[in-house]
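Here's the structure, in structure tokens; my notes come after.
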Amino acid sequence: MAVIVPRKPYLAHLVLYGVGFVVMAKFLPTYVFIPLALGTVAVHLILVNRFKRTRFRSIIDGARGAQIESLPTPENVRNRDIDELLLESLKDVTAELEKKCYQLVEKNIQLLSLKEISLTIISSLNEPRIVDSVHSFLAKGLGFKEIFVGIFDPEKRDFHLYTFREAFGESTQHDRTVNLDEMDGLIRKSVVTRKPVLIRDAEMHPIGKIKGEPVFSDSTMKSYLIVPMLKSTFSQHCWKAANCLLKSEAPPRHGGAARLTPSPDAESVDEAICPSCGRLPVLGVIGVTDGFKAALLSQVDLVAIETLALQISTLLENAQLYTELKNEESFRDNVINSMMNGLITADVNGSILLMNEAGERLTGYSAEEITGKHIDDVIVDQQTRADGGPVTRTLRRGEKTLQREVILVQKDGSKLPIVLNTSLLYDEDRRIQGTIAVFLDITGIKRMEEKIAHLDKLAALGRFSSSMAHEIRNPLTGIVAGLEYLKRIGGVSEDQNENIGFILNEVNRIDRLISDILNVIQVKELVYHPTEPDKIIKNVITSIKDIANNKDVKIVSEFPAETHPIMIDSDRITQVVINLLKNAVEASDVGGTVTVKVSYPTDVNDVLFDDIRNFVIIEVEDEGQGFTEEEKSKIFEPFFTTKEEGTGLGLYVSHSIIERHGGYMFVESEKGKGSVFSVYLPMEKVEYGDSSEIRHPVGR
């Protein structure tokens, strides 16, 4: 607004009028000059006054356009002095500008408070904290004394309603769960119709009750307003569906589906929900009253609360979408980590991106440790190939790998046999982003295959050995009888008698060998009783002490602090331990060490039967020459031995005894690095059907 003043100073006006009057006085008679001069002055004064009034009215109209209300009316302009009115108007404009300045400061504080609410909601998904932020803004920023905020739960279809009041120097707060059917009055109508209401006569249009009780008891309200917080259609789960009424019955807004608008007189919940998905598209409701305030609520207050509700709706919606996204991500992670198979994903360069918990267990790496490693360093073929590993070939050729037996290289360098399946990983544009490798540990299957093959061999060999043992023993009986007869009748030279003794010794050795074979084939019933394995081992160490001392081999035993008795046939298990320790001493070099350990693991995962978990493990380790892979594959077969004087039945018999107890015997060995024989014995007697023990197939 600008005050326009005459451009020429009053002195110039006076000079102009003076010159004019001098000219008129010189050329006009006095009776003409005086009336003309007076008329000229009068006309000038009238025109100047009219000009000043016109300009002043334009100034007043401009100030009122700037919402400055405290200015004089046109009637006052006609009846009062212009200069006095101008002075008063300038004072009023100054006061109004100062008031506007304070209002701008107040609005700036409110905007900062709104920003603080936004940051609170973004940084926290805690509902009470969000509501406290809204209450703080409405109470401190806008000065409301009675406030209610309801957050809608779409799953339970009810509101968590918070009410706040500040009166007589005290602040009170209540929260409760309210179903929409438990609301009445304009609260319910505003939510159902999803339209804000501003009421300036609370007596004529009551705010309504919650569960039959007033929202604010003993309130001094004369006006109130209620603003529902609405969902955008993009957050409605059904809007993409073909039958969605949100987009079929209303024109799109900003490229998306429009909001569902109920009829103006909609009063029931059924008329308020979305017809195609059955959801109520509201997030909550905000309401304030003028209770304990001096001024009635105005349209400005309604705009302020609507702006707040819009901001809070957007933030709440984003928070809900973020929560849903996190829940979906957590669900996917749980599904992936609940898989029994290992899973690894790699990018197009073969760098590992992700691995599930089963993969961590099988590889020995954590997900963080393995990220970034090349997949060919972890999953390899049985034999090295020039075109890379099996997963890399999937990326290069674009071909899936199905049920392929490969090797998993663990963190400690050991190798695990696995079955691998691979497939390509695509993005939404069907561009290759990497590959997925799913693998299964087949160590148990391999052991089962070896065990079945071993048992098949033993079954065939057992049937053959049984028949051969009987066939050999019959002629041996005749030979022994003939030799005994020769010794009784005499007439045999001393050399011949010595030869006869040698023959009898060899025949007896063959008979013992046949007896060992028959002992394996003709299984005797096991006699179970509780025995502590450490006592058996201590007794065995004492019994073979002389053998170890003769070779200067040290036997070291390691037992847990607390031992437990197990149900076994102690005589048979003693036979097994003697055989293992004696073999270890004989395999050790002079001055070597043999170590025997006993452990009680709580859960054993590397055995074949999943229903048996409580085992005691006996390990015998030597520092001998070890076995080749071929020797390891035959170590428990009958008549296989690496000793010059061995019969090849010791480990075979020991293996059979452990199997009959329901246990397992394994060997880990590398040529030139010694061997470790591991015996797994169940803590309790194993029952299989009607049999109290596992019998060798040839004994059935």
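Every chain in the structure tokens has a letter given in the order shown (A, B, ...), and although residue numbers restart at 1 in each chain, ligands are simply numbered from 1 in the order shown.
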
Worksheet item: Using only C-alpha atoms, which residues sit within 9 Å of Tyr652 of chain A once same-chain residues fewer than 4 positions away are excluded, as a count of residues only?
Response: 10

Worksheet item: Near segment 548-555 of chain A, counting only C-alpha atoms, which residues have an atom at most 7 Å away, once you skip same-chain residues fewer than 4 positions from it, shown as a PyMOL selection string?
Response: chain A and resi 544+585+590-595

With C-alpha atoms retained, write the just-selected residues as an mmCIF file, in the first residue's frame.
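result-v9.cif written:
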```cif
data_model
loop_
_atom_site.group_PDB
_atom_site.id
_atom_site.type_symbol
_atom_site.label_atom_id
_atom_site.label_comp_id
_atom_site.auth_asym_id
_atom_site.auth_seq_id
_atom_site.Cartn_x
_atom_site.Cartn_y
_atom_site.Cartn_z
ATOM 1 C CA ILE A 544 47.720 -104.002 26.838
ATOM 2 C CA VAL A 585 49.676 -99.324 19.188
ATOM 3 C CA VAL A 590 58.325 -96.293 18.187
ATOM 4 C CA GLY A 591 57.902 -93.485 20.715
ATOM 5 C CA GLY A 592 54.501 -92.511 19.310
ATOM 6 C CA THR A 593 51.292 -91.602 21.127
ATOM 7 C CA VAL A 594 47.840 -93.152 21.069
ATOM 8 C CA THR A 595 44.931 -91.027 22.331
#
```

Worksheet entry | Å distance separating atom CA of Arg361 of chain A from atom CA of Ser675 of chain A, one decimal place |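 About the pair atom CA of Arg361 of chain A and atom CA of Ser675 of chain A: they are 25.8 Å apart.
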
Discussion item. Between atom CA of Arg176 of chain A and atom CA of Val303 of chain A, what distance in Å does the model show, to one decimal?
Written reply: 27.6 Å
